[in-house]
$ cat query.csv   # CSV, C-alpha atoms
chain,number,residue,atom,x,y,z
A,1,MET,CA,0.8,-8.0,-7.9
A,2,TYR,CA,0.1,-10.2,-11.0
A,3,THR,CA,-3.6,-10.1,-10.0
A,4,GLN,CA,-3.8,-6.3,-10.3
A,5,PHE,CA,-1.9,-6.3,-13.5
A,6,LEU,CA,-4.2,-9.0,-15.0
A,7,GLY,CA,-7.1,-6.8,-14.0
A,8,ASN,CA,-5.5,-3.9,-15.8
A,9,TYR,CA,-5.0,-6.0,-18.9
A,10,LEU,CA,-8.6,-7.3,-18.9
A,11,LEU,CA,-10.0,-3.8,-18.6
A,12,GLN,CA,-7.7,-2.3,-21.2
A,13,LYS,CA,-8.7,-4.9,-23.7
A,14,GLY,CA,-12.3,-4.4,-22.9
A,15,LEU,CA,-12.7,-8.1,-21.9
A,16,VAL,CA,-14.4,-7.3,-18.7
A,17,THR,CA,-16.3,-4.4,-17.2
A,18,GLN,CA,-15.1,-2.8,-14.0
A,19,GLU,CA,-18.2,-4.2,-12.2
A,20,GLN,CA,-17.4,-7.8,-13.4
A,21,LEU,CA,-13.8,-7.4,-12.3
A,22,PHE,CA,-14.6,-6.0,-8.9
A,23,ALA,CA,-17.2,-8.8,-8.3
A,24,ALA,CA,-14.5,-11.4,-9.1
A,25,MET,CA,-11.9,-9.6,-7.1
A,26,ALA,CA,-14.0,-9.2,-4.0
A,27,ARG,CA,-14.2,-13.0,-3.6
A,28,LEU,CA,-10.5,-13.7,-3.9
A,29,SER,CA,-9.9,-14.4,-0.3
A,30,GLN,CA,-12.8,-16.8,0.0
A,31,SER,CA,-12.2,-18.7,-3.3
A,32,HIS,CA,-10.3,-21.9,-3.7
A,33,ILE,CA,-8.6,-22.9,-6.9
A,34,LYS,CA,-10.2,-25.7,-8.8
A,35,LEU,CA,-8.1,-28.6,-10.1
A,36,GLY,CA,-9.3,-27.9,-13.7
A,37,THR,CA,-8.1,-24.3,-13.6
A,38,ILE,CA,-4.7,-25.2,-12.4
A,39,ALA,CA,-4.4,-28.0,-14.9
A,40,ILE,CA,-5.1,-25.6,-17.7
A,41,HIS,CA,-2.6,-23.2,-16.3
A,42,GLU,CA,0.1,-25.9,-16.1
A,43,GLY,CA,-0.6,-27.0,-19.6
A,44,LEU,CA,-1.7,-30.5,-18.6
A,45,MET,CA,-5.2,-30.2,-19.8
A,46,THR,CA,-7.0,-28.2,-22.4
A,47,ALA,CA,-10.1,-26.1,-21.7
A,48,ASN,CA,-12.2,-28.5,-23.7
A,49,GLU,CA,-11.0,-31.4,-21.6
A,50,VAL,CA,-11.8,-29.6,-18.4
A,51,ASP,CA,-15.3,-28.7,-19.7
A,52,GLU,CA,-15.8,-32.3,-20.6
A,53,CYS,CA,-14.8,-33.5,-17.1
A,54,LEU,CA,-16.9,-30.8,-15.5
A,55,TYR,CA,-19.9,-32.0,-17.5
A,56,VAL,CA,-19.3,-35.6,-16.5
A,57,GLN,CA,-19.1,-34.4,-12.9
A,58,THR,CA,-22.7,-33.2,-13.1
A,59,ARG,CA,-23.7,-36.7,-14.0
A,60,GLU,CA,-21.5,-38.9,-11.8
A,61,ASP,CA,-20.8,-38.3,-8.2
A,62,LYS,CA,-17.0,-38.3,-8.5
A,63,ARG,CA,-14.2,-35.9,-7.9
A,64,PHE,CA,-12.8,-33.9,-10.8
A,65,GLY,CA,-9.4,-35.6,-10.4
A,66,GLU,CA,-10.8,-39.1,-10.6
A,67,ILE,CA,-12.7,-38.3,-13.8
A,68,ALA,CA,-9.6,-36.7,-15.4
A,69,ILE,CA,-7.6,-39.9,-14.6
A,70,GLU,CA,-10.3,-42.2,-15.9
A,71,ARG,CA,-10.4,-40.3,-19.1
A,72,GLY,CA,-6.7,-40.4,-19.4
A,73,TYR,CA,-6.1,-36.7,-19.2
A,74,LEU,CA,-4.1,-36.8,-16.0
A,75,GLU,CA,-1.9,-39.3,-14.2
A,76,ALA,CA,-2.6,-39.9,-10.5
A,77,SER,CA,0.8,-38.5,-9.7
A,78,GLN,CA,-0.1,-35.3,-11.6
A,79,VAL,CA,-3.3,-34.9,-9.7
A,80,ASP,CA,-1.4,-35.1,-6.4
A,81,GLU,CA,1.2,-32.7,-7.7
A,82,LEU,CA,-1.4,-30.2,-8.8
A,83,LEU,CA,-3.3,-30.4,-5.5
A,84,SER,CA,-0.1,-29.6,-3.6
A,85,LYS,CA,0.7,-26.5,-5.7
A,86,GLN,CA,0.5,-23.1,-4.2
A,87,THR,CA,-2.2,-21.1,-6.0
A,88,PRO,CA,-1.3,-17.8,-7.5
A,89,GLU,CA,-4.0,-15.3,-6.9
A,90,PHE,CA,-4.3,-14.1,-10.5
A,91,LEU,CA,-5.4,-17.5,-11.5
A,92,LEU,CA,-8.1,-17.4,-8.9
A,93,LEU,CA,-9.3,-14.1,-10.4
A,94,GLY,CA,-9.6,-15.8,-13.8
A,95,GLN,CA,-11.5,-18.7,-12.2
A,96,ASN,CA,-13.9,-16.4,-10.5
A,97,LEU,CA,-14.6,-14.7,-13.8
A,98,VAL,CA,-15.4,-18.2,-15.2
A,99,ASP,CA,-17.6,-18.9,-12.3
A,100,ASP,CA,-19.4,-15.7,-12.9
A,101,GLY,CA,-20.0,-16.6,-16.5
A,102,VAL,CA,-17.9,-13.8,-17.8
A,103,PHE,CA,-15.6,-16.3,-19.5
A,104,THR,CA,-15.7,-19.9,-20.5
A,105,TYR,CA,-12.7,-22.0,-19.6
A,106,GLU,CA,-11.7,-21.8,-23.3
A,107,GLU,CA,-11.8,-18.1,-23.3
A,108,LEU,CA,-9.9,-18.0,-20.0
A,109,GLU,CA,-7.2,-20.2,-21.5
A,110,ARG,CA,-6.8,-17.9,-24.5
A,111,VAL,CA,-6.9,-14.7,-22.4
A,112,MET,CA,-4.2,-16.1,-20.1
A,113,PHE,CA,-2.1,-17.1,-23.0
A,114,ASP,CA,-2.4,-13.7,-24.7
A,115,TYR,CA,-1.8,-11.9,-21.4
A,116,ARG,CA,1.4,-13.9,-20.7
A,117,ASN,CA,2.6,-13.2,-24.2
A,118,GLU,CA,1.9,-9.6,-24.1
A,119,ALA,CA,3.3,-9.1,-20.6
A,120,GLU,CA,6.2,-11.4,-21.5
A,121,LEU,CA,5.5,-13.6,-18.5
A,122,TYR,CA,7.4,-16.6,-19.7
A,123,ASP,CA,8.4,-18.3,-16.5
A,124,LEU,CA,5.3,-17.7,-14.6
A,125,SER,CA,6.1,-19.5,-11.4
A,126,LEU,CA,3.1,-20.5,-9.5
A,127,ASP,CA,4.1,-19.6,-6.0
A,128,VAL,CA,6.7,-16.8,-6.2
A,129,GLU,CA,6.3,-13.5,-7.9
A,130,ASN,CA,9.4,-12.8,-9.9
A,131,GLU,CA,11.1,-9.5,-9.2
A,132,GLU,CA,12.2,-9.0,-12.8
A,133,THR,CA,8.8,-9.8,-14.2
A,134,ILE,CA,7.2,-7.3,-11.9
A,135,GLU,CA,9.7,-4.7,-12.9
A,136,ALA,CA,9.1,-5.5,-16.6
A,137,ILE,CA,5.3,-5.0,-16.1
A,138,ILE,CA,5.8,-1.8,-14.3
A,139,SER,CA,8.1,-0.6,-17.1
A,140,LYS,CA,5.2,-1.1,-19.5
A,141,PHE,CA,3.2,1.4,-17.5
A,142,PHE,CA,5.8,4.0,-18.3
A,143,LEU,CA,5.8,2.8,-21.9
A,144,MET,CA,2.0,3.3,-22.1
A,145,ALA,CA,2.4,6.8,-20.7
A,146,GLU,CA,5.2,7.4,-23.2
A,147,MET,CA,7.5,8.2,-20.3
A,148,PRO,CA,11.2,7.3,-20.2
A,149,ARG,CA,11.7,4.7,-17.6
A,150,ASN,CA,14.5,4.7,-15.1
A,151,ASP,CA,15.2,2.5,-12.1
A,152,MET,CA,14.0,5.1,-9.6
A,153,ASN,CA,10.7,5.7,-11.4
A,154,VAL,CA,10.0,2.0,-11.7
A,155,MET,CA,10.8,1.5,-8.1
A,156,TYR,CA,8.6,4.3,-7.0
A,157,LEU,CA,5.6,3.0,-8.9
A,158,GLN,CA,6.2,-0.6,-7.8
A,159,LEU,CA,6.3,0.5,-4.2
A,160,MET,CA,3.1,2.5,-4.7
A,161,PHE,CA,1.2,-0.5,-5.9
A,162,ASN,CA,2.7,-2.4,-2.9
A,163,SER,CA,1.7,0.3,-0.5
A,164,LEU,CA,-1.9,0.2,-1.9
A,165,ILE,CA,-2.0,-3.6,-1.5
A,166,ARG,CA,-0.6,-3.4,2.0
A,167,PHE,CA,-2.4,-0.4,3.5
A,168,ILE,CA,-5.7,-0.1,1.4
A,169,GLY,CA,-6.4,-3.5,-0.1
A,170,GLU,CA,-5.5,-5.8,-3.0
A,171,ASP,CA,-8.8,-5.4,-4.8
A,172,PHE,CA,-7.8,-2.7,-7.2
A,173,SER,CA,-6.8,-2.5,-10.8
A,174,PRO,CA,-4.4,0.0,-12.3
A,175,LEU,CA,-6.0,1.8,-15.3
A,176,THR,CA,-4.1,3.1,-18.2
A,177,PRO,CA,-1.7,5.9,-17.2
A,178,MET,CA,-1.6,9.2,-19.0
A,179,VAL,CA,0.9,12.0,-19.3
A,180,ILE,CA,-0.9,15.2,-18.3
A,181,ASP,CA,0.0,18.8,-18.7
A,182,GLU,CA,-2.6,20.1,-16.4
A,183,PHE,CA,-4.8,18.3,-14.0
A,184,PRO,CA,-8.0,19.8,-12.5
A,185,ILE,CA,-7.9,19.0,-8.8
A,186,THR,CA,-11.0,17.5,-7.2
A,187,PHE,CA,-9.6,17.0,-3.8
A,188,GLY,CA,-6.3,15.7,-2.8
A,189,VAL,CA,-3.1,15.8,-0.9
A,190,SER,CA,0.4,16.4,-2.3
A,191,GLN,CA,3.9,15.7,-1.0
A,192,SER,CA,7.3,16.3,-2.6
A,193,ILE,CA,10.6,14.6,-2.2
A,194,SER,CA,13.6,16.6,-3.0
A,195,SER,CA,16.9,15.4,-4.0
A,196,ASP,CA,18.9,16.6,-7.0
A,197,ARG,CA,15.5,17.1,-8.5
A,198,GLU,CA,11.9,17.5,-7.2
A,199,PHE,CA,9.5,14.6,-7.2
A,200,LEU,CA,5.9,15.5,-6.5
A,201,THR,CA,3.1,13.1,-5.8
A,202,HIS,CA,-0.5,14.0,-5.6
A,203,ILE,CA,-3.4,11.8,-4.6
A,204,ASP,CA,-6.7,12.9,-6.1
A,205,CYS,CA,-10.2,11.6,-5.7
A,206,ASP,CA,-13.7,12.7,-5.0
A,207,ARG,CA,-14.8,13.1,-1.4
A,208,GLU,CA,-16.9,9.9,-1.2
A,209,THR,CA,-13.9,7.9,-2.5
A,210,ALA,CA,-11.7,9.7,0.0
A,211,ILE,CA,-13.9,8.6,2.9
A,212,ALA,CA,-13.8,4.9,1.8
A,213,PHE,CA,-10.0,5.1,1.2
A,214,ALA,CA,-9.5,6.7,4.6
A,215,SER,CA,-11.7,4.1,6.3
A,216,ARG,CA,-9.6,1.3,4.9
A,217,TYR,CA,-6.3,3.0,5.7
A,218,ALA,CA,-7.3,3.8,9.3
A,219,LYS,CA,-9.3,0.6,9.8
A,220,GLU,CA,-12.2,2.7,11.0
A,221,ASP,CA,-15.6,3.3,9.8
A,222,PHE,CA,-15.7,6.9,8.7
A,223,ASN,CA,-18.9,8.2,7.2
A,224,GLU,CA,-18.5,11.9,6.8
A,225,PHE,CA,-15.8,14.0,5.2
A,226,ASN,CA,-13.7,15.5,8.0
A,227,GLU,CA,-10.2,16.2,9.1
A,228,TYR,CA,-9.5,12.5,9.7
A,229,ILE,CA,-10.2,11.7,6.1
A,230,VAL,CA,-7.7,14.3,5.0
A,231,ALA,CA,-5.2,13.2,7.5
A,232,ALA,CA,-5.5,9.5,6.4
A,233,LEU,CA,-4.7,10.5,2.8
A,234,GLU,CA,-1.8,12.5,4.0
A,235,ASP,CA,-0.6,9.7,6.2
A,236,PHE,CA,-0.8,7.1,3.4
A,237,LEU,CA,1.2,9.3,1.1
A,238,ASN,CA,3.7,10.2,3.8
A,239,LEU,CA,4.1,6.5,4.8
A,240,HIS,CA,4.6,5.5,1.2
A,241,ASN,CA,7.1,8.2,0.5
A,242,GLY,CA,8.9,7.4,3.7
A,243,LEU,CA,9.2,3.8,2.6
A,244,PHE,CA,10.5,4.9,-0.8
A,245,MET,CA,13.2,7.0,0.9
A,246,VAL,CA,14.2,4.0,3.0
A,247,ASN,CA,14.5,1.9,-0.1
A,248,VAL,CA,16.5,4.5,-2.0
A,249,SER,CA,18.8,5.2,0.9
A,250,ASN,CA,19.5,1.5,1.2
A,251,LEU,CA,20.6,1.4,-2.4
A,252,ALA,CA,22.6,4.6,-2.8
A,253,THR,CA,23.7,7.4,-0.7
A,254,LYS,CA,21.4,10.0,-2.0
A,255,ASP,CA,20.4,12.8,0.1
A,256,LEU,CA,16.6,13.0,0.0
A,257,SER,CA,14.3,15.1,2.0
A,258,LEU,CA,10.6,14.9,2.4
A,259,SER,CA,8.3,17.9,2.8
A,260,PRO,CA,5.2,17.7,4.9
A,261,PRO,CA,2.1,16.7,2.9
A,262,GLU,CA,-0.2,19.5,1.7
A,263,ILE,CA,-3.9,19.7,1.1
A,264,THR,CA,-5.1,20.9,-2.3
A,265,GLU,CA,-8.8,21.4,-2.6
A,266,ASP,CA,-9.2,23.0,-6.0
A,267,GLY,CA,-7.2,24.6,-8.8
A,268,ILE,CA,-5.0,23.0,-11.4
A,269,LEU,CA,-2.1,20.9,-10.8
A,270,CYS,CA,0.9,21.6,-13.0
A,271,GLY,CA,4.4,20.7,-12.0
A,272,SER,CA,7.6,21.9,-13.5
A,273,ASN,CA,8.3,18.3,-14.5
A,274,LYS,CA,6.3,15.9,-16.6
A,275,CYS,CA,3.3,14.6,-14.6
A,276,VAL,CA,1.8,11.2,-15.1
A,277,ASP,CA,-1.6,10.2,-13.9
A,278,PHE,CA,-1.7,6.6,-12.7
A,279,PRO,CA,-5.4,6.0,-12.0
A,280,VAL,CA,-6.2,3.1,-9.8
A,281,ALA,CA,-9.8,1.7,-9.7
A,282,TYR,CA,-11.1,0.3,-6.4
A,283,PRO,CA,-14.7,-0.9,-6.0
A,284,PHE,CA,-15.3,2.2,-4.0
A,285,GLY,CA,-14.0,4.6,-6.6
A,286,THR,CA,-11.1,5.7,-8.6
A,287,VAL,CA,-8.0,7.2,-7.1
A,288,HIS,CA,-5.6,9.2,-9.2
A,289,LEU,CA,-2.0,8.9,-8.3
A,290,ILE,CA,-0.3,11.8,-10.1
A,291,VAL,CA,3.4,11.7,-10.0
A,292,CYS,CA,5.5,14.5,-11.4
A,293,PHE,CA,8.9,13.0,-12.1
B,1,MET,CA,-0.9,-0.4,33.8
B,2,ASP,CA,-1.5,2.8,35.7
B,3,ILE,CA,0.1,5.9,34.5
B,4,THR,CA,-1.8,8.5,36.5
B,5,ASN,CA,0.4,11.5,37.2
B,6,LYS,CA,2.3,10.9,34.0
B,7,LYS,CA,2.2,13.3,31.1
B,8,ILE,CA,2.6,12.3,27.5
B,9,LEU,CA,3.2,14.7,24.6
B,10,VAL,CA,2.4,13.6,21.1
B,11,CYS,CA,3.5,15.8,18.2
B,12,ASP,CA,2.5,14.9,14.7
B,13,ASP,CA,1.0,17.1,12.0
B,14,SER,CA,-1.6,14.4,11.3
B,15,VAL,CA,-4.6,14.4,13.5
B,16,LEU,CA,-5.2,10.7,12.6
B,17,ALA,CA,-1.6,9.7,13.5
B,18,ARG,CA,-2.0,11.4,16.9
B,19,LYS,CA,-5.3,9.7,17.5
B,20,GLN,CA,-4.0,6.3,16.5
B,21,LEU,CA,-1.0,6.7,18.8
B,22,LEU,CA,-3.1,7.9,21.7
B,23,ASP,CA,-5.6,5.1,21.2
B,24,ALA,CA,-2.7,2.6,21.3
B,25,VAL,CA,-1.4,4.2,24.6
B,26,LYS,CA,-4.8,4.3,26.2
B,27,GLU,CA,-5.3,0.6,25.3
B,28,ILE,CA,-2.3,-0.3,27.4
B,29,ALA,CA,-2.3,2.3,30.2
B,30,GLU,CA,-4.9,3.9,32.4
B,31,GLY,CA,-4.9,7.5,33.5
B,32,GLY,CA,-2.3,9.8,32.3
B,33,THR,CA,-2.5,13.3,30.8
B,34,PHE,CA,-2.2,13.7,27.1
B,35,ILE,CA,-1.0,16.8,25.3
B,36,GLU,CA,-1.0,17.1,21.5
B,37,GLY,CA,1.0,19.3,19.2
B,38,LYS,CA,1.0,19.5,15.4
B,39,ASN,CA,4.4,20.8,14.5
B,40,GLY,CA,7.9,21.3,15.9
B,41,ILE,CA,7.2,24.7,17.3
B,42,ASP,CA,4.3,23.2,19.4
B,43,ALA,CA,6.6,20.4,20.5
B,44,VAL,CA,9.2,22.8,21.9
B,45,GLU,CA,6.7,25.2,23.5
B,46,LEU,CA,4.6,22.4,25.0
B,47,TYR,CA,7.6,20.6,26.3
B,48,LYS,CA,8.8,23.8,28.1
B,49,SER,CA,5.4,24.6,29.6
B,50,GLU,CA,4.1,21.1,30.4
B,51,LYS,CA,7.3,19.1,31.2
B,52,PRO,CA,5.9,15.8,29.9
B,53,ASP,CA,7.4,12.5,31.1
B,54,LEU,CA,7.4,11.1,27.6
B,55,VAL,CA,7.3,12.6,24.1
B,56,PHE,CA,6.4,11.0,20.8
B,57,LEU,CA,7.7,13.1,18.0
B,58,ASP,CA,7.2,12.8,14.2
B,59,ILE,CA,10.0,14.0,12.0
B,60,VAL,CA,8.4,15.4,8.8
B,61,MET,CA,6.3,18.3,10.1
B,62,PRO,CA,5.6,21.8,8.9
B,63,GLU,CA,6.9,25.0,10.6
B,64,LYS,CA,9.7,23.2,12.4
B,65,ASP,CA,10.7,19.6,11.7
B,66,GLY,CA,11.0,16.9,14.4
B,67,THR,CA,14.8,16.7,14.3
B,68,THR,CA,15.2,20.5,15.0
B,69,ALA,CA,12.5,20.3,17.8
B,70,LEU,CA,14.4,17.3,19.3
B,71,ALA,CA,17.6,19.2,19.4
B,72,GLU,CA,15.9,22.2,21.0
B,73,ILE,CA,14.1,20.2,23.6
B,74,LYS,CA,17.3,18.3,24.5
B,75,GLU,CA,19.1,21.6,24.9
B,76,PHE,CA,16.4,22.8,27.3
B,77,ASP,CA,16.3,19.5,29.2
B,78,SER,CA,19.0,16.9,28.6
B,79,GLU,CA,16.9,14.4,30.5
B,80,ALA,CA,13.9,14.6,28.1
B,81,VAL,CA,12.6,11.2,27.1
B,82,ILE,CA,11.8,11.5,23.4
B,83,ILE,CA,10.7,8.8,21.1
B,84,ILE,CA,10.8,9.4,17.3
B,85,VAL,CA,7.8,8.0,15.4
B,86,SER,CA,8.4,8.5,11.7
B,87,SER,CA,7.8,7.0,8.3
B,88,VAL,CA,11.2,8.0,7.2
B,89,GLY,CA,13.3,5.3,8.9
B,90,THR,CA,16.5,5.7,6.9
B,91,GLN,CA,19.8,4.9,8.5
B,92,ASP,CA,20.7,8.6,8.3
B,93,GLN,CA,17.6,9.8,10.1
B,94,LEU,CA,18.0,7.1,12.7
B,95,LYS,CA,21.6,7.9,13.4
B,96,LYS,CA,20.8,11.6,13.6
B,97,ALA,CA,17.9,11.1,16.0
B,98,ILE,CA,19.9,8.9,18.3
B,99,GLN,CA,22.9,11.3,18.2
B,100,LEU,CA,20.6,14.2,19.1
B,101,GLY,CA,19.5,12.1,22.1
B,102,ALA,CA,16.3,10.4,21.1
B,103,LYS,CA,15.7,7.3,23.2
B,104,ASP,CA,14.1,5.3,20.5
B,105,PHE,CA,13.0,5.3,16.9
B,106,ILE,CA,9.8,3.7,15.7
B,107,GLN,CA,9.1,3.3,12.0
B,108,LYS,CA,5.5,4.0,10.9
B,109,PRO,CA,3.2,2.1,10.7
B,110,PHE,CA,3.9,1.3,14.3
B,111,GLU,CA,2.8,-2.0,16.0
B,112,LYS,CA,0.9,-1.7,19.2
B,113,ASN,CA,3.5,-3.9,20.8
B,114,GLN,CA,6.2,-1.3,20.2
B,115,ILE,CA,4.1,1.3,21.9
B,116,ARG,CA,3.5,-1.1,24.8
B,117,GLU,CA,7.2,-1.8,25.2
B,118,ILE,CA,8.0,2.0,25.2
B,119,ILE,CA,5.3,2.8,27.8
B,120,GLU,CA,6.4,-0.1,30.1
B,121,LEU,CA,10.1,0.7,29.8
B,122,ARG,CA,9.8,4.5,30.1
B,123,LEU,CA,6.9,5.0,32.4
B,124,GLY,CA,6.7,1.6,34.1
B,125,GLY,CA,8.9,2.7,37.0
B,126,LYS,CA,10.8,-0.5,36.8
$ encode --input "query.csv" --output "structure tokens"
Amino acid sequence: MYTQFLGNYLLQKGLVTQEQLFAAMARLSQSHIKLGTIAIHEGLMTANEVDECLYVQTREDKRFGEIAIERGYLEASQVDELLSKQTPEFLLLGQNLVDDGVFTYEELERVMFDYRNEAELYDLSLDVENEETIEAIISKFFLMAEMPRNDMNVMYLQLMFNSLIRFIGEDFSPLTPMVIDEFPITFGVSQSISSDREFLTHIDCDRETAIAFASRYAKEDFNEFNEYIVAALEDFLNLHNGLFMVNVSNLATKDLSLSPPEITEDGILCGSNKCVDFPVAYPFGTVHLIVCF
Amino acid sequence: MDITNKKILVCDDSVLARKQLLDAVKEIAEGGTFIEGKNGIDAVELYKSEKPDLVFLDIVMPEKDGTTALAEIKEFDSEAVIIIVSSVGTQDQLKKAIQLGAKDFIQKPFEKNQIREIIELRLGGK
């Protein structure tokens, strides 16, 4: 999930445009990490040193690792170690942005440094995502929305991002969340979970976005807005809420019940509780996940 | 696998979920009659009028939920073969469904293999 959060950070700071971000994200699965990128990330080389080696590489027919060793930037054993490292995806995202000319290696180094500081990602392990770190980042979303955070809310949002990755695709970026009093509905589906309090989630987007979202969810090629599109949105929400209930019930013996999803085509959404809009940008459009806690 | 002469009832409020389930069944088995319902009331009525050999039942549905429908169908026919397919796979729901006489519980999103196993076990005549 670090990749999606990095995307959010870059957009928020105005360091990339959505187009640049999506172009870089779209190639994640086909990209391979370069030794230079990973060496910067590991703090073994500076961006300038990497640029220098890359320049030399255009003149001499040698591998990047060989050049870095020749110039005394890396030891042979370090090269082996770097090559055997698992690549975290968010680093690939950064590298793709460099490849696209959006950043230089030097800018990437600074961006990564700032991001890690801001997100308080101190022990950024390369291969495993740390549960506490993820929770900390999710908590920041509540902070941004000026919402009090509690374990249940954090768990809900974390699972929502996971559900999006799992059922729709990883190429999204969460945008800045906002507390809303009233939300004009474009088109969407709602579902509520009741326990000691009501918990309403609404997915809202325009019809074109809904068609693309549904196509990905159902793994089918829908091209017109019909009942299957609506059903796919409902199913996604229902699936996600179902998973949430399973998680909650594993933790505590809370009696939760899930209502059937409902379609809302127009009007204004206003819940009895505070509603937060967590917009999520996909290349095919922006989906508003509105949760009334 | 040939399931001609077998009737399968699928009850789910989502037209997509019904389609995906039926597609999965049709991939495995040939023939067969399929009946669709979209809530618990449909489930009970269609069961009584059609006497299907196998029922796939969702839990979270409008009008009447799957758990209530399950109990009513079981009361009508204690031999009914009902499989719950639900996104809410909590231990409580599972226990309740099995206590009420469901033969199996599949958590959504289902795997095609799970559907294959059910069809082979319940309609395979082995």
$ residues_near_point --input "query.csv" --point "(10.1, 17.0, 13.9)" --cutoff "9 Å" --atoms "all atoms listed in the file" --output "number ranges by chain"
B: 11-12, 39-41, 43, 57-62, 64-70, 84, 86
$ closest_residue --input "query.csv" --among "A:Val179, A:Val56, A:Met45, A:Ala212" --to "Leu82 in chain A" --atoms "all atoms listed in the file"
A:Met45
$ interface_residues --input "query.csv" --of "chain A" --to "chain B" --cutoff "10 Å" --atoms "all atoms listed in the file" --output "PyMOL selection string"
chain A and resi 167+214+218+227-236+238-250+253+255+257-262
$ closest_residue --input "query.csv" --among "A:Thr46, A:Gln78, A:Thr3, A:Ser194" --to "Glu109 in chain A" --atoms "all atoms listed in the file"
A:Thr46
$ closest_residue --input "query.csv" --among "B:Asp2, B:Asp104, B:Asp23, B:Glu111" --to "Val55 in chain B" --atoms "all atoms listed in the file"
B:Asp104
$ residues_near_point --input "query.csv" --point "(7.1, 20.1, 28.9)" --cutoff "10 Å" --atoms "all atoms listed in the file" --output "list of chain:residue names"
B:Lys7, B:Ile8, B:Leu9, B:Ile35, B:Ala43, B:Val44, B:Glu45, B:Leu46, B:Tyr47, B:Lys48, B:Ser49, B:Glu50, B:Lys51, B:Pro52, B:Asp53, B:Leu54, B:Val55, B:Ile73, B:Phe76, B:Asp77, B:Ala80
$ atom_distance --input "query.csv" --atom1 "CA of Ile38 in chain A" --atom2 "CA of Glu106 in chain A"
13.4 Å
$ closest_residue --input "query.csv" --among "A:Ala76, A:Leu92, A:Ala281, A:Val276" --to "Arg27 in chain A" --atoms "all atoms listed in the file"
A:Leu92
$ atom_distance --input "query.csv" --atom1 "CA of Phe187 in chain A" --atom2 "CA of Glu265 in chain A"
4.6 Å
$ closest_residue --input "query.csv" --among "A:Leu175, A:Leu237, A:Cys53, A:Leu143" --to "Tyr9 in chain A" --atoms "all atoms listed in the file"
A:Leu175
$ closest_residue --input "query.csv" --among "B:Phe34, B:Arg18, B:Glu120, B:Val25" --to "Lys6 in chain B" --atoms "only C-alpha atoms"
B:Phe34
$ residues_around --input "query.csv" --residues "Phe172 in chain A" --least-positions-apart "5" --cutoff "7 Å" --atoms "all atoms listed in the file" --output "compact mmCIF listing (two decimals) with C-alpha atoms, in the coordinates of the input"
# COMPACT_ATOMS: atom_id res chain seq x y z
CA GLN A 4 -3.80 -6.30 -10.30
CA VAL A 280 -6.20 3.10 -9.80
CA ALA A 281 -9.80 1.70 -9.70
CA TYR A 282 -11.10 0.30 -6.40
$ atom_distance --input "query.csv" --atom1 "CA of Thr176 in chain A" --atom2 "CA of Phe222 in chain A"
29.5 Å
$ residues_around --input "query.csv" --residues "Val102 in chain A" --least-positions-apart "4" --cutoff "10 Å" --atoms "all atoms listed in the file" --output "list in words"
Leu15, Val16, Thr17, Gln20, Leu21, Ala24, Gly94, Gln95, Asn96, Leu97, Val98, Glu107 and Leu108 of chain A
